[in-house]
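Participant: Below you'll find data.tsv; it's TSV, N, CA and C atoms.
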```
chain	number	residue	atom	x	y	z
A	7	MET	N	121.32	53.51	137.53
A	7	MET	CA	121.87	52.35	138.20
A	7	MET	C	123.36	52.56	138.49
A	8	ALA	N	123.92	51.69	139.29
A	8	ALA	CA	125.29	51.85	139.77
A	8	ALA	C	126.32	51.23	138.84
A	9	SER	N	127.50	51.80	138.89
A	9	SER	CA	128.67	51.22	138.23
A	9	SER	C	129.38	50.38	139.30
A	10	ILE	N	129.51	49.08	139.04
A	10	ILE	CA	129.97	48.14	140.06
A	10	ILE	C	131.22	47.40	139.60
A	11	LEU	N	132.17	47.27	140.52
A	11	LEU	CA	133.32	46.38	140.33
A	11	LEU	C	133.09	45.19	141.26
A	12	PHE	N	132.93	44.00	140.69
A	12	PHE	CA	132.65	42.78	141.45
A	12	PHE	C	133.87	41.88	141.41
A	13	ILE	N	134.42	41.58	142.60
A	13	ILE	CA	135.63	40.76	142.69
A	13	ILE	C	135.29	39.46	143.41
A	14	GLU	N	135.52	38.36	142.73
A	14	GLU	CA	135.21	37.02	143.27
A	14	GLU	C	136.15	36.04	142.60
A	15	ASP	N	136.85	35.22	143.40
A	15	ASP	CA	137.81	34.28	142.82
A	15	ASP	C	137.14	33.03	142.26
A	16	GLU	N	135.94	32.69	142.71
A	16	GLU	CA	135.23	31.52	142.18
A	16	GLU	C	134.57	31.89	140.86
A	17	GLU	N	135.09	31.31	139.77
A	17	GLU	CA	134.67	31.69	138.42
A	17	GLU	C	133.15	31.58	138.21
A	18	GLU	N	132.57	30.47	138.63
A	18	GLU	CA	131.14	30.27	138.41
A	18	GLU	C	130.31	31.33	139.14
A	19	LEU	N	130.66	31.58	140.38
A	19	LEU	CA	129.94	32.59	141.17
A	19	LEU	C	130.16	33.98	140.60
A	20	ARG	N	131.38	34.27	140.16
A	20	ARG	CA	131.69	35.56	139.56
A	20	ARG	C	130.80	35.81	138.34
A	21	GLY	N	130.67	34.79	137.49
A	21	GLY	CA	129.83	34.93	136.30
A	21	GLY	C	128.35	35.06	136.64
A	22	LEU	N	127.89	34.24	137.57
A	22	LEU	CA	126.49	34.24	137.95
A	22	LEU	C	126.06	35.58	138.56
A	23	ILE	N	126.81	36.03	139.56
A	23	ILE	CA	126.45	37.28	140.24
A	23	ILE	C	126.68	38.47	139.31
A	24	GLY	N	127.78	38.46	138.58
A	24	GLY	CA	128.05	39.55	137.63
A	24	GLY	C	126.93	39.69	136.61
A	25	ASP	N	126.49	38.56	136.05
A	25	ASP	CA	125.39	38.59	135.08
A	25	ASP	C	124.09	39.05	135.72
A	26	SER	N	123.82	38.59	136.93
A	26	SER	CA	122.59	38.98	137.63
A	26	SER	C	122.57	40.48	137.91
A	27	LEU	N	123.70	41.03	138.31
A	27	LEU	CA	123.77	42.47	138.55
A	27	LEU	C	123.56	43.25	137.25
A	28	ALA	N	124.14	42.76	136.16
A	28	ALA	CA	123.95	43.41	134.87
A	28	ALA	C	122.49	43.35	134.43
A	29	GLU	N	121.83	42.21	134.68
A	29	GLU	CA	120.42	42.07	134.33
A	29	GLU	C	119.54	43.03	135.12
A	30	GLU	N	120.01	43.44	136.30
A	30	GLU	CA	119.30	44.42	137.12
A	30	GLU	C	119.53	45.84	136.61
A	31	GLY	N	120.37	45.98	135.59
A	31	GLY	CA	120.60	47.29	134.99
A	31	GLY	C	121.89	47.98	135.40
A	32	HIS	N	122.70	47.31	136.19
A	32	HIS	CA	123.95	47.89	136.63
A	32	HIS	C	125.04	47.71	135.57
A	33	ASP	N	125.99	48.62	135.57
A	33	ASP	CA	127.18	48.52	134.72
A	33	ASP	C	128.21	47.76	135.55
A	34	VAL	N	128.57	46.54	135.12
A	34	VAL	CA	129.39	45.66	135.96
A	34	VAL	C	130.71	45.31	135.28
A	35	ALA	N	131.79	45.47	136.04
A	35	ALA	CA	133.10	44.95	135.64
A	35	ALA	C	133.45	43.88	136.67
A	36	VAL	N	134.13	42.83	136.24
A	36	VAL	CA	134.48	41.75	137.16
A	36	VAL	C	135.98	41.53	137.19
A	37	ALA	N	136.43	41.04	138.34
A	37	ALA	CA	137.84	40.69	138.51
A	37	ALA	C	137.91	39.41	139.34
A	38	ALA	N	138.97	38.63	139.12
A	38	ALA	CA	139.15	37.36	139.81
A	38	ALA	C	140.01	37.48	141.06
A	39	GLU	N	140.75	38.58	141.18
A	39	GLU	CA	141.63	38.74	142.33
A	39	GLU	C	141.97	40.21	142.54
A	40	GLY	N	142.62	40.49	143.66
A	40	GLY	CA	142.86	41.86	144.10
A	40	GLY	C	143.69	42.72	143.17
A	41	ARG	N	144.78	42.19	142.64
A	41	ARG	CA	145.64	42.99	141.75
A	41	ARG	C	144.88	43.42	140.49
A	42	GLU	N	144.09	42.51	139.95
A	42	GLU	CA	143.27	42.84	138.78
A	42	GLU	C	142.26	43.94	139.15
A	43	ALA	N	141.69	43.85	140.33
A	43	ALA	CA	140.73	44.86	140.80
A	43	ALA	C	141.39	46.23	140.93
A	44	ILE	N	142.61	46.27	141.45
A	44	ILE	CA	143.34	47.53	141.59
A	44	ILE	C	143.56	48.18	140.22
A	45	ARG	N	143.92	47.35	139.23
A	45	ARG	CA	144.11	47.89	137.87
A	45	ARG	C	142.80	48.47	137.32
A	46	LEU	N	141.69	47.76	137.54
A	46	LEU	CA	140.39	48.25	137.06
A	46	LEU	C	139.98	49.53	137.78
A	47	LEU	N	140.25	49.60	139.08
A	47	LEU	CA	139.93	50.81	139.84
A	47	LEU	C	140.70	52.02	139.30
A	48	ALA	N	141.94	51.80	138.92
A	48	ALA	CA	142.78	52.89	138.42
A	48	ALA	C	142.33	53.38	137.05
A	49	SER	N	141.63	52.52	136.31
A	49	SER	CA	141.25	52.89	134.94
A	49	SER	C	139.79	53.31	134.79
A	50	GLY	N	139.02	53.31	135.88
A	50	GLY	CA	137.62	53.69	135.76
A	50	GLY	C	137.03	54.07	137.10
A	51	ALA	N	135.89	54.73	137.05
A	51	ALA	CA	135.21	55.15	138.28
A	51	ALA	C	134.07	54.17	138.57
A	52	TYR	N	133.98	53.76	139.82
A	52	TYR	CA	132.94	52.83	140.26
A	52	TYR	C	132.19	53.42	141.44
A	53	ASP	N	130.88	53.20	141.46
A	53	ASP	CA	130.07	53.63	142.58
A	53	ASP	C	130.23	52.68	143.76
A	54	VAL	N	130.32	51.38	143.44
A	54	VAL	CA	130.37	50.35	144.47
A	54	VAL	C	131.36	49.26	144.08
A	55	VAL	N	132.14	48.81	145.06
A	55	VAL	CA	133.02	47.66	144.91
A	55	VAL	C	132.45	46.56	145.80
A	56	ILE	N	132.21	45.39	145.20
A	56	ILE	CA	131.75	44.22	145.95
A	56	ILE	C	132.87	43.20	145.85
A	57	SER	N	133.41	42.80	147.00
A	57	SER	CA	134.58	41.91	146.97
A	57	SER	C	134.47	40.81	148.00
A	58	ASP	N	134.92	39.63	147.59
A	58	ASP	CA	135.12	38.54	148.54
A	58	ASP	C	136.27	38.95	149.45
A	59	VAL	N	136.23	38.54	150.70
A	59	VAL	CA	137.31	38.87	151.63
A	59	VAL	C	138.55	38.05	151.32
A	60	SER	N	138.39	36.74	151.15
A	60	SER	CA	139.52	35.84	150.91
A	60	SER	C	139.69	35.61	149.42
A	61	MET	N	140.86	35.99	148.92
A	61	MET	CA	141.16	35.82	147.50
A	61	MET	C	142.58	35.32	147.34
A	62	PRO	N	142.87	34.70	146.19
A	62	PRO	CA	144.25	34.28	145.94
A	62	PRO	C	145.15	35.50	145.76
A	63	GLY	N	146.42	35.31	145.97
A	63	GLY	CA	147.36	36.41	145.78
A	63	GLY	C	147.59	37.17	147.08
A	64	ASP	N	148.20	38.33	146.93
A	64	ASP	CA	148.62	39.08	148.11
A	64	ASP	C	147.71	40.26	148.45
A	65	VAL	N	146.56	40.39	147.78
A	65	VAL	CA	145.62	41.47	148.07
A	65	VAL	C	144.28	40.86	148.46
A	66	SER	N	143.91	41.00	149.73
A	66	SER	CA	142.63	40.47	150.20
A	66	SER	C	141.53	41.50	149.97
A	67	GLY	N	140.32	41.09	150.20
A	67	GLY	CA	139.20	42.02	150.11
A	67	GLY	C	139.30	43.14	151.13
A	68	VAL	N	139.83	42.83	152.32
A	68	VAL	CA	140.02	43.87	153.34
A	68	VAL	C	141.07	44.87	152.87
A	69	ASP	N	142.16	44.37	152.28
A	69	ASP	CA	143.19	45.27	151.72
A	69	ASP	C	142.56	46.18	150.66
A	70	LEU	N	141.75	45.59	149.82
A	70	LEU	CA	141.10	46.35	148.76
A	70	LEU	C	140.15	47.40	149.34
A	71	ALA	N	139.40	47.03	150.37
A	71	ALA	CA	138.48	47.99	151.02
A	71	ALA	C	139.26	49.16	151.61
A	72	GLU	N	140.40	48.88	152.21
A	72	GLU	CA	141.22	49.95	152.78
A	72	GLU	C	141.76	50.88	151.69
A	73	LEU	N	142.19	50.30	150.59
A	73	LEU	CA	142.67	51.10	149.46
A	73	LEU	C	141.55	51.98	148.90
A	74	VAL	N	140.37	51.41	148.73
A	74	VAL	CA	139.23	52.17	148.20
A	74	VAL	C	138.88	53.31	149.15
A	75	GLU	N	138.88	53.04	150.44
A	75	GLU	CA	138.54	54.06	151.43
A	75	GLU	C	139.51	55.25	151.35
A	76	LYS	N	140.80	54.96	151.11
A	76	LYS	CA	141.82	56.02	151.04
A	76	LYS	C	141.83	56.75	149.70
A	77	ARG	N	141.80	55.99	148.60
A	77	ARG	CA	141.98	56.58	147.27
A	77	ARG	C	140.68	57.00	146.58
A	78	TYR	N	139.61	56.31	146.91
A	78	TYR	CA	138.33	56.54	146.22
A	78	TYR	C	137.22	56.70	147.26
A	79	PRO	N	137.26	57.78	148.05
A	79	PRO	CA	136.33	57.91	149.18
A	79	PRO	C	134.85	57.95	148.80
A	80	ARG	N	134.53	58.24	147.57
A	80	ARG	CA	133.12	58.25	147.14
A	80	ARG	C	132.61	56.86	146.75
A	81	THR	N	133.54	55.92	146.59
A	81	THR	CA	133.16	54.56	146.22
A	81	THR	C	132.82	53.77	147.48
A	82	ARG	N	131.68	53.13	147.46
A	82	ARG	CA	131.23	52.31	148.59
A	82	ARG	C	131.74	50.88	148.42
A	83	VAL	N	131.93	50.17	149.53
A	83	VAL	CA	132.46	48.80	149.51
A	83	VAL	C	131.51	47.86	150.24
A	84	ILE	N	131.27	46.72	149.62
A	84	ILE	CA	130.55	45.62	150.25
A	84	ILE	C	131.50	44.42	150.24
A	85	LEU	N	131.81	43.89	151.42
A	85	LEU	CA	132.67	42.72	151.54
A	85	LEU	C	131.81	41.50	151.85
A	86	VAL	N	132.10	40.39	151.18
A	86	VAL	CA	131.37	39.14	151.41
A	86	VAL	C	132.36	38.05	151.83
A	87	SER	N	131.87	37.14	152.67
A	87	SER	CA	132.74	36.05	153.11
A	87	SER	C	131.91	34.89	153.64
A	88	GLY	N	132.45	33.70	153.47
A	88	GLY	CA	131.86	32.51	154.04
A	88	GLY	C	132.22	32.34	155.50
A	89	HIS	N	133.11	33.17	156.01
A	89	HIS	CA	133.50	33.15	157.42
A	89	HIS	C	132.67	34.17	158.19
A	90	ALA	N	132.45	33.90	159.44
A	90	ALA	CA	131.75	34.86	160.29
A	90	ALA	C	132.59	36.12	160.43
A	91	ARG	N	131.93	37.25	160.55
A	91	ARG	CA	132.65	38.52	160.65
A	91	ARG	C	133.66	38.51	161.80
A	92	ALA	N	133.31	37.85	162.90
A	92	ALA	CA	134.21	37.79	164.06
A	92	ALA	C	135.49	37.03	163.76
A	93	GLN	N	135.49	36.17	162.73
A	93	GLN	CA	136.67	35.39	162.36
A	93	GLN	C	137.59	36.13	161.39
A	94	LEU	N	137.14	37.28	160.92
A	94	LEU	CA	137.88	38.03	159.90
A	94	LEU	C	138.73	39.13	160.52
A	95	PRO	N	139.73	39.60	159.77
A	95	PRO	CA	140.47	40.77	160.24
A	95	PRO	C	139.52	41.97	160.31
A	96	ALA	N	139.93	43.01	160.96
A	96	ALA	CA	139.11	44.22	161.07
A	96	ALA	C	138.73	44.73	159.68
A	97	ILE	N	137.47	45.04	159.54
A	97	ILE	CA	136.93	45.57	158.28
A	97	ILE	C	136.78	47.08	158.43
A	98	PRO	N	137.19	47.86	157.42
A	98	PRO	CA	137.02	49.31	157.52
A	98	PRO	C	135.58	49.69	157.88
A	99	ALA	N	135.44	50.70	158.70
A	99	ALA	CA	134.13	51.11	159.20
A	99	ALA	C	133.17	51.49	158.08
A	100	THR	N	133.70	51.94	156.97
A	100	THR	CA	132.84	52.37	155.86
A	100	THR	C	132.34	51.21	155.00
A	101	ALA	N	132.91	50.03	155.20
A	101	ALA	CA	132.53	48.87	154.38
A	101	ALA	C	131.33	48.15	155.00
A	102	ARG	N	130.47	47.63	154.13
A	102	ARG	CA	129.35	46.79	154.56
A	102	ARG	C	129.80	45.35	154.49
A	103	PHE	N	129.17	44.48	155.27
A	103	PHE	CA	129.53	43.07	155.28
A	103	PHE	C	128.30	42.23	154.98
A	104	LEU	N	128.49	41.21	154.12
A	104	LEU	CA	127.42	40.28	153.76
A	104	LEU	C	127.97	38.86	153.86
A	105	PRO	N	127.41	38.04	154.77
A	105	PRO	CA	127.90	36.67	154.89
A	105	PRO	C	127.44	35.79	153.74
A	106	LYS	N	128.33	34.87	153.32
A	106	LYS	CA	127.99	33.85	152.33
A	106	LYS	C	127.44	32.64	153.05
A	107	PRO	N	126.55	31.90	152.48
A	107	PRO	CA	125.88	32.18	151.22
A	107	PRO	C	124.83	33.27	151.41
A	108	TYR	N	124.64	34.05	150.38
A	108	TYR	CA	123.65	35.12	150.46
A	108	TYR	C	122.67	34.98	149.30
A	109	ARG	N	121.53	35.58	149.47
A	109	ARG	CA	120.54	35.62	148.41
A	109	ARG	C	120.77	36.89	147.59
A	110	MET	N	120.42	36.81	146.33
A	110	MET	CA	120.59	37.97	145.47
A	110	MET	C	119.83	39.17	146.02
A	111	SER	N	118.66	38.92	146.60
A	111	SER	CA	117.86	40.02	147.16
A	111	SER	C	118.61	40.72	148.30
A	112	GLN	N	119.39	39.97	149.08
A	112	GLN	CA	120.17	40.58	150.15
A	112	GLN	C	121.27	41.48	149.57
A	113	LEU	N	121.94	40.99	148.54
A	113	LEU	CA	122.98	41.78	147.90
A	113	LEU	C	122.39	43.04	147.28
A	114	LEU	N	121.26	42.91	146.61
A	114	LEU	CA	120.63	44.07	145.98
A	114	LEU	C	120.19	45.11	147.02
A	115	ALA	N	119.71	44.65	148.17
A	115	ALA	CA	119.32	45.58	149.23
A	115	ALA	C	120.54	46.34	149.77
A	116	LEU	N	121.64	45.62	150.02
A	116	LEU	CA	122.87	46.29	150.47
A	116	LEU	C	123.41	47.23	149.40
A	117	LEU	N	123.32	46.81	148.17
A	117	LEU	CA	123.78	47.63	147.06
A	117	LEU	C	122.97	48.93	146.98
A	118	ALA	N	121.67	48.84	147.16
A	118	ALA	CA	120.82	50.03	147.13
A	118	ALA	C	121.21	50.99	148.27
A	119	ASP	N	121.46	50.45	149.45
A	119	ASP	CA	121.88	51.27	150.58
A	119	ASP	C	123.25	51.90	150.31
A	120	ALA	N	124.17	51.10	149.80
A	120	ALA	CA	125.52	51.59	149.53
A	120	ALA	C	125.51	52.68	148.46
A	121	ALA	N	124.67	52.50	147.44
A	121	ALA	CA	124.60	53.50	146.37
A	121	ALA	C	124.06	54.83	146.88
A	122	LYS	N	123.23	54.77	147.91
A	122	LYS	CA	122.70	55.99	148.52
A	122	LYS	C	123.71	56.64	149.43
A	123	GLY	N	124.80	55.91	149.74
A	123	GLY	CA	125.82	56.45	150.61
A	123	GLY	C	125.52	56.27	152.08
A	124	GLN	N	124.60	55.36	152.39
A	124	GLN	CA	124.23	55.14	153.80
A	124	GLN	C	125.22	54.23	154.47
```
Could you take the file, read its structure, and then write that structure out as C-alpha cells?
Facilitator:
Amino acid sequence: MASILFIEDEEELRGLIGDSLAEEGHDVAVAAEGREAIRLLASGAYDVVISDVSMPGDVSGVDLAELVEKRYPRTRVILVSGHARAQLPAIPATARFLPKPYRMSQLLALLADAAKGQ
C-alpha cells in the first residue's frame, strides 16, 4: 500500500478521510496546512500527496503541488477542491484533480492510478 500525506484544513474531514485511508491499509500522515505539510515532506518519503487546493496560510495546495513536482518528482499529487477546476489557478500537469464533494471510491481509484505512476 501507499505512503500518503493528506493535507486538509477542515479538521473533521481530515480525520475522516485520514482514518478511511488508513483502514484501507495505507500509511497516512496528516497536516492541516501547507507549512506543516512541507515540514512532513522534508522528514519522510511519501508515494502520494493528497491536498486541498485552498488552505489557510501562505501555502496553497497548488504551491505544494509545484514544490512536490520540483523536489520530490517520484511523489504523485492529487489536488481536491470545492471549486471547479476552471476557477482555480493553473494546476501542475503532473497533478490529478478531484472535485469536492467526492466519494471515497473516487479518491481510492485516483490513488490507485497515482500510485502506479499513471
Participant: Excluding segment 52-66 of chain A and its own-chain neighbours fewer than 5 positions away, which residues fall within 6 Å of it when counting only C-alpha atoms? Please give them as a PDB file with N, CA and C atoms, keeping the file's coordinate frame.
Facilitator:
```
ATOM      1  N   ALA A   8     123.920  51.690 139.290  1.00  0.00           N
ATOM      2  CA  ALA A   8     125.290  51.850 139.770  1.00  0.00           C
ATOM      3  C   ALA A   8     126.320  51.230 138.840  1.00  0.00           C
ATOM      4  N   SER A   9     127.500  51.800 138.890  1.00  0.00           N
ATOM      5  CA  SER A   9     128.670  51.220 138.230  1.00  0.00           C
ATOM      6  C   SER A   9     129.380  50.380 139.300  1.00  0.00           C
ATOM      7  N   ILE A  10     129.510  49.080 139.040  1.00  0.00           N
ATOM      8  CA  ILE A  10     129.970  48.140 140.060  1.00  0.00           C
ATOM      9  C   ILE A  10     131.220  47.400 139.600  1.00  0.00           C
ATOM     10  N   LEU A  11     132.170  47.270 140.520  1.00  0.00           N
ATOM     11  CA  LEU A  11     133.320  46.380 140.330  1.00  0.00           C
ATOM     12  C   LEU A  11     133.090  45.190 141.260  1.00  0.00           C
ATOM     13  N   PHE A  12     132.930  44.000 140.690  1.00  0.00           N
ATOM     14  CA  PHE A  12     132.650  42.780 141.450  1.00  0.00           C
ATOM     15  C   PHE A  12     133.870  41.880 141.410  1.00  0.00           C
ATOM     16  N   ILE A  13     134.420  41.580 142.600  1.00  0.00           N
ATOM     17  CA  ILE A  13     135.630  40.760 142.690  1.00  0.00           C
ATOM     18  C   ILE A  13     135.290  39.460 143.410  1.00  0.00           C
ATOM     19  N   GLU A  14     135.520  38.360 142.730  1.00  0.00           N
ATOM     20  CA  GLU A  14     135.210  37.020 143.270  1.00  0.00           C
ATOM     21  C   GLU A  14     136.150  36.040 142.600  1.00  0.00           C
ATOM     22  N   ASP A  15     136.850  35.220 143.400  1.00  0.00           N
ATOM     23  CA  ASP A  15     137.810  34.280 142.820  1.00  0.00           C
ATOM     24  C   ASP A  15     137.140  33.030 142.260  1.00  0.00           C
ATOM     25  N   GLU A  39     140.750  38.580 141.180  1.00  0.00           N
ATOM     26  CA  GLU A  39     141.630  38.740 142.330  1.00  0.00           C
ATOM     27  C   GLU A  39     141.970  40.210 142.540  1.00  0.00           C
ATOM     28  N   GLY A  40     142.620  40.490 143.660  1.00  0.00           N
ATOM     29  CA  GLY A  40     142.860  41.860 144.100  1.00  0.00           C
ATOM     30  C   GLY A  40     143.690  42.720 143.170  1.00  0.00           C
ATOM     31  N   THR A  81     133.540  55.920 146.590  1.00  0.00           N
ATOM     32  CA  THR A  81     133.160  54.560 146.220  1.00  0.00           C
ATOM     33  C   THR A  81     132.820  53.770 147.480  1.00  0.00           C
ATOM     34  N   ARG A  82     131.680  53.130 147.460  1.00  0.00           N
ATOM     35  CA  ARG A  82     131.230  52.310 148.590  1.00  0.00           C
ATOM     36  C   ARG A  82     131.740  50.880 148.420  1.00  0.00           C
ATOM     37  N   VAL A  83     131.930  50.170 149.530  1.00  0.00           N
ATOM     38  CA  VAL A  83     132.460  48.800 149.510  1.00  0.00           C
ATOM     39  C   VAL A  83     131.510  47.860 150.240  1.00  0.00           C
ATOM     40  N   ILE A  84     131.270  46.720 149.620  1.00  0.00           N
ATOM     41  CA  ILE A  84     130.550  45.620 150.250  1.00  0.00           C
ATOM     42  C   ILE A  84     131.500  44.420 150.240  1.00  0.00           C
ATOM     43  N   LEU A  85     131.810  43.890 151.420  1.00  0.00           N
ATOM     44  CA  LEU A  85     132.670  42.720 151.540  1.00  0.00           C
ATOM     45  C   LEU A  85     131.810  41.500 151.850  1.00  0.00           C
ATOM     46  N   VAL A  86     132.100  40.390 151.180  1.00  0.00           N
ATOM     47  CA  VAL A  86     131.370  39.140 151.410  1.00  0.00           C
ATOM     48  C   VAL A  86     132.360  38.050 151.830  1.00  0.00           C
ATOM     49  N   SER A  87     131.870  37.140 152.670  1.00  0.00           N
ATOM     50  CA  SER A  87     132.740  36.050 153.110  1.00  0.00           C
ATOM     51  C   SER A  87     131.910  34.890 153.640  1.00  0.00           C
TER      52      SER A  87
END
```
Participant: Which one of A:Ala92, A:Ile97, A:Leu22, A:Ile44 sits closest to Val68 of chain A if you count all atoms listed in the file?
Facilitator: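 Using all atoms listed in the file, Val68 of chain A sits closest to A:Ile97.
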Participant: In Å, how far is it from atom CA of Val34 of chain A to atom CA of Leu113 of chain A?
Facilitator: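 About the pair atom CA of Val34 of chain A and atom CA of Leu113 of chain A: they are 14.1 Å apart.
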Participant: Using atom CA of Phe103 of chain A and atom CA of Arg91 of chain A as the two end points, give the distance in Å to one decimal.
Facilitator: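 According to the coordinates, atom CA of Phe103 of chain A and atom CA of Arg91 of chain A are separated by 7.7 Å.
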Participant: Any chance you could work out the axis-aligned box around segment 46-60 of chain A, listed atoms only, 6 Å on each side, giving centre and edge lengths in Å to one decimal, as JSON?
Facilitator:
```
{"center_x": 136.4, "center_y": 45.4, "center_z": 143.2, "size_x": 24.7, "size_y": 31.5, "size_z": 28.8}
```
Participant: Go through A:Ala120, A:Ile23, A:Thr100, A:Leu70 and flag the residue nearest Ala43 of chain A, using only N, CA and C atoms for the distances.
Facilitator: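 Under the stated criterion, the closest residue is A:Leu70.
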Participant: Mind listing the helix (DSSP H, G or I) residues of chain A, per DSSP on the backbone, as a PyMOL selection string?
Facilitator: chain A and resi 17-29+40-49+67-77+91-93+110-122
Participant: Atom N of Met7 of chain A to atom N of Asp33 of chain A: how many Å, to one decimal?
Facilitator: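 Between atom N of Met7 of chain A and atom N of Asp33 of chain A the gap works out to 7.0 Å.
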Participant: DSSP on the backbone, then: every residue of chain A marked strand (DSSP E), written as a list in words.
Facilitator: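 The strand (DSSP E) subset of chain A is Ser9, Ile10, Leu11, Phe12, Ile13, Asp33, Val34, Ala35, Val36, Ala37, Val54, Val55, Ile56, Ser57, Asp58, Arg82, Val83, Ile84, Leu85, Val86, Ser87, Arg102, Phe103, Leu104 and Pro105 of chain A.
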Participant: Only all heavy atoms, please: segment 114-121 of chain A from the block, as a PDB file, in the first residue's frame.
Facilitator:
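Result file result-v1.pdb:
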```
ATOM      1  N   LEU A 114     -10.058   6.635  -3.868  1.00  0.00           N
ATOM      2  CA  LEU A 114      -9.278   5.396  -3.917  1.00  0.00           C
ATOM      3  C   LEU A 114      -8.895   5.031  -5.350  1.00  0.00           C
ATOM      4  O   LEU A 114      -7.782   4.549  -5.593  1.00  0.00           O
ATOM      5  CB  LEU A 114     -10.036   4.255  -3.253  1.00  0.00           C
ATOM      6  CG  LEU A 114     -10.199   4.387  -1.733  1.00  0.00           C
ATOM      7  CD1 LEU A 114     -11.119   3.290  -1.205  1.00  0.00           C
ATOM      8  CD2 LEU A 114      -8.856   4.364  -1.023  1.00  0.00           C
ATOM      9  N   ALA A 115      -9.784   5.272  -6.302  1.00  0.00           N
ATOM     10  CA  ALA A 115      -9.474   4.990  -7.708  1.00  0.00           C
ATOM     11  C   ALA A 115      -8.346   5.902  -8.201  1.00  0.00           C
ATOM     12  O   ALA A 115      -7.407   5.443  -8.859  1.00  0.00           O
ATOM     13  CB  ALA A 115     -10.717   5.147  -8.574  1.00  0.00           C
ATOM     14  N   LEU A 116      -8.422   7.199  -7.885  1.00  0.00           N
ATOM     15  CA  LEU A 116      -7.348   8.125  -8.268  1.00  0.00           C
ATOM     16  C   LEU A 116      -6.045   7.765  -7.570  1.00  0.00           C
ATOM     17  O   LEU A 116      -4.972   7.847  -8.157  1.00  0.00           O
ATOM     18  CB  LEU A 116      -7.727   9.558  -7.902  1.00  0.00           C
ATOM     19  CG  LEU A 116      -8.352  10.413  -8.979  1.00  0.00           C
ATOM     20  CD1 LEU A 116      -8.606  11.822  -8.460  1.00  0.00           C
ATOM     21  CD2 LEU A 116      -7.536  10.452 -10.232  1.00  0.00           C
ATOM     22  N   LEU A 117      -6.146   7.373  -6.333  1.00  0.00           N
ATOM     23  CA  LEU A 117      -4.973   6.978  -5.561  1.00  0.00           C
ATOM     24  C   LEU A 117      -4.304   5.761  -6.191  1.00  0.00           C
ATOM     25  O   LEU A 117      -3.073   5.717  -6.315  1.00  0.00           O
ATOM     26  CB  LEU A 117      -5.387   6.677  -4.125  1.00  0.00           C
ATOM     27  CG  LEU A 117      -4.292   6.299  -3.149  1.00  0.00           C
ATOM     28  CD1 LEU A 117      -3.243   7.389  -3.053  1.00  0.00           C
ATOM     29  CD2 LEU A 117      -4.895   6.038  -1.783  1.00  0.00           C
ATOM     30  N   ALA A 118      -5.088   4.786  -6.616  1.00  0.00           N
ATOM     31  CA  ALA A 118      -4.541   3.596  -7.265  1.00  0.00           C
ATOM     32  C   ALA A 118      -3.814   3.981  -8.561  1.00  0.00           C
ATOM     33  O   ALA A 118      -2.714   3.501  -8.827  1.00  0.00           O
ATOM     34  CB  ALA A 118      -5.648   2.580  -7.542  1.00  0.00           C
ATOM     35  N   ASP A 119      -4.407   4.872  -9.339  1.00  0.00           N
ATOM     36  CA  ASP A 119      -3.773   5.331 -10.569  1.00  0.00           C
ATOM     37  C   ASP A 119      -2.484   6.103 -10.269  1.00  0.00           C
ATOM     38  O   ASP A 119      -1.468   5.908 -10.919  1.00  0.00           O
ATOM     39  CB  ASP A 119      -4.716   6.232 -11.368  1.00  0.00           C
ATOM     40  CG  ASP A 119      -5.791   5.464 -12.093  1.00  0.00           C
ATOM     41  OD1 ASP A 119      -5.700   4.212 -12.179  1.00  0.00           O
ATOM     42  OD2 ASP A 119      -6.746   6.098 -12.569  1.00  0.00           O
ATOM     43  N   ALA A 120      -2.556   6.984  -9.280  1.00  0.00           N
ATOM     44  CA  ALA A 120      -1.388   7.793  -8.920  1.00  0.00           C
ATOM     45  C   ALA A 120      -0.248   6.919  -8.409  1.00  0.00           C
ATOM     46  O   ALA A 120       0.910   7.142  -8.732  1.00  0.00           O
ATOM     47  CB  ALA A 120      -1.760   8.838  -7.868  1.00  0.00           C
ATOM     48  N   ALA A 121      -0.586   5.899  -7.629  1.00  0.00           N
ATOM     49  CA  ALA A 121       0.446   5.015  -7.084  1.00  0.00           C
ATOM     50  C   ALA A 121       1.142   4.229  -8.193  1.00  0.00           C
ATOM     51  O   ALA A 121       2.312   3.888  -8.083  1.00  0.00           O
ATOM     52  CB  ALA A 121      -0.171   4.071  -6.066  1.00  0.00           C
TER      53      ALA A 121
END
```
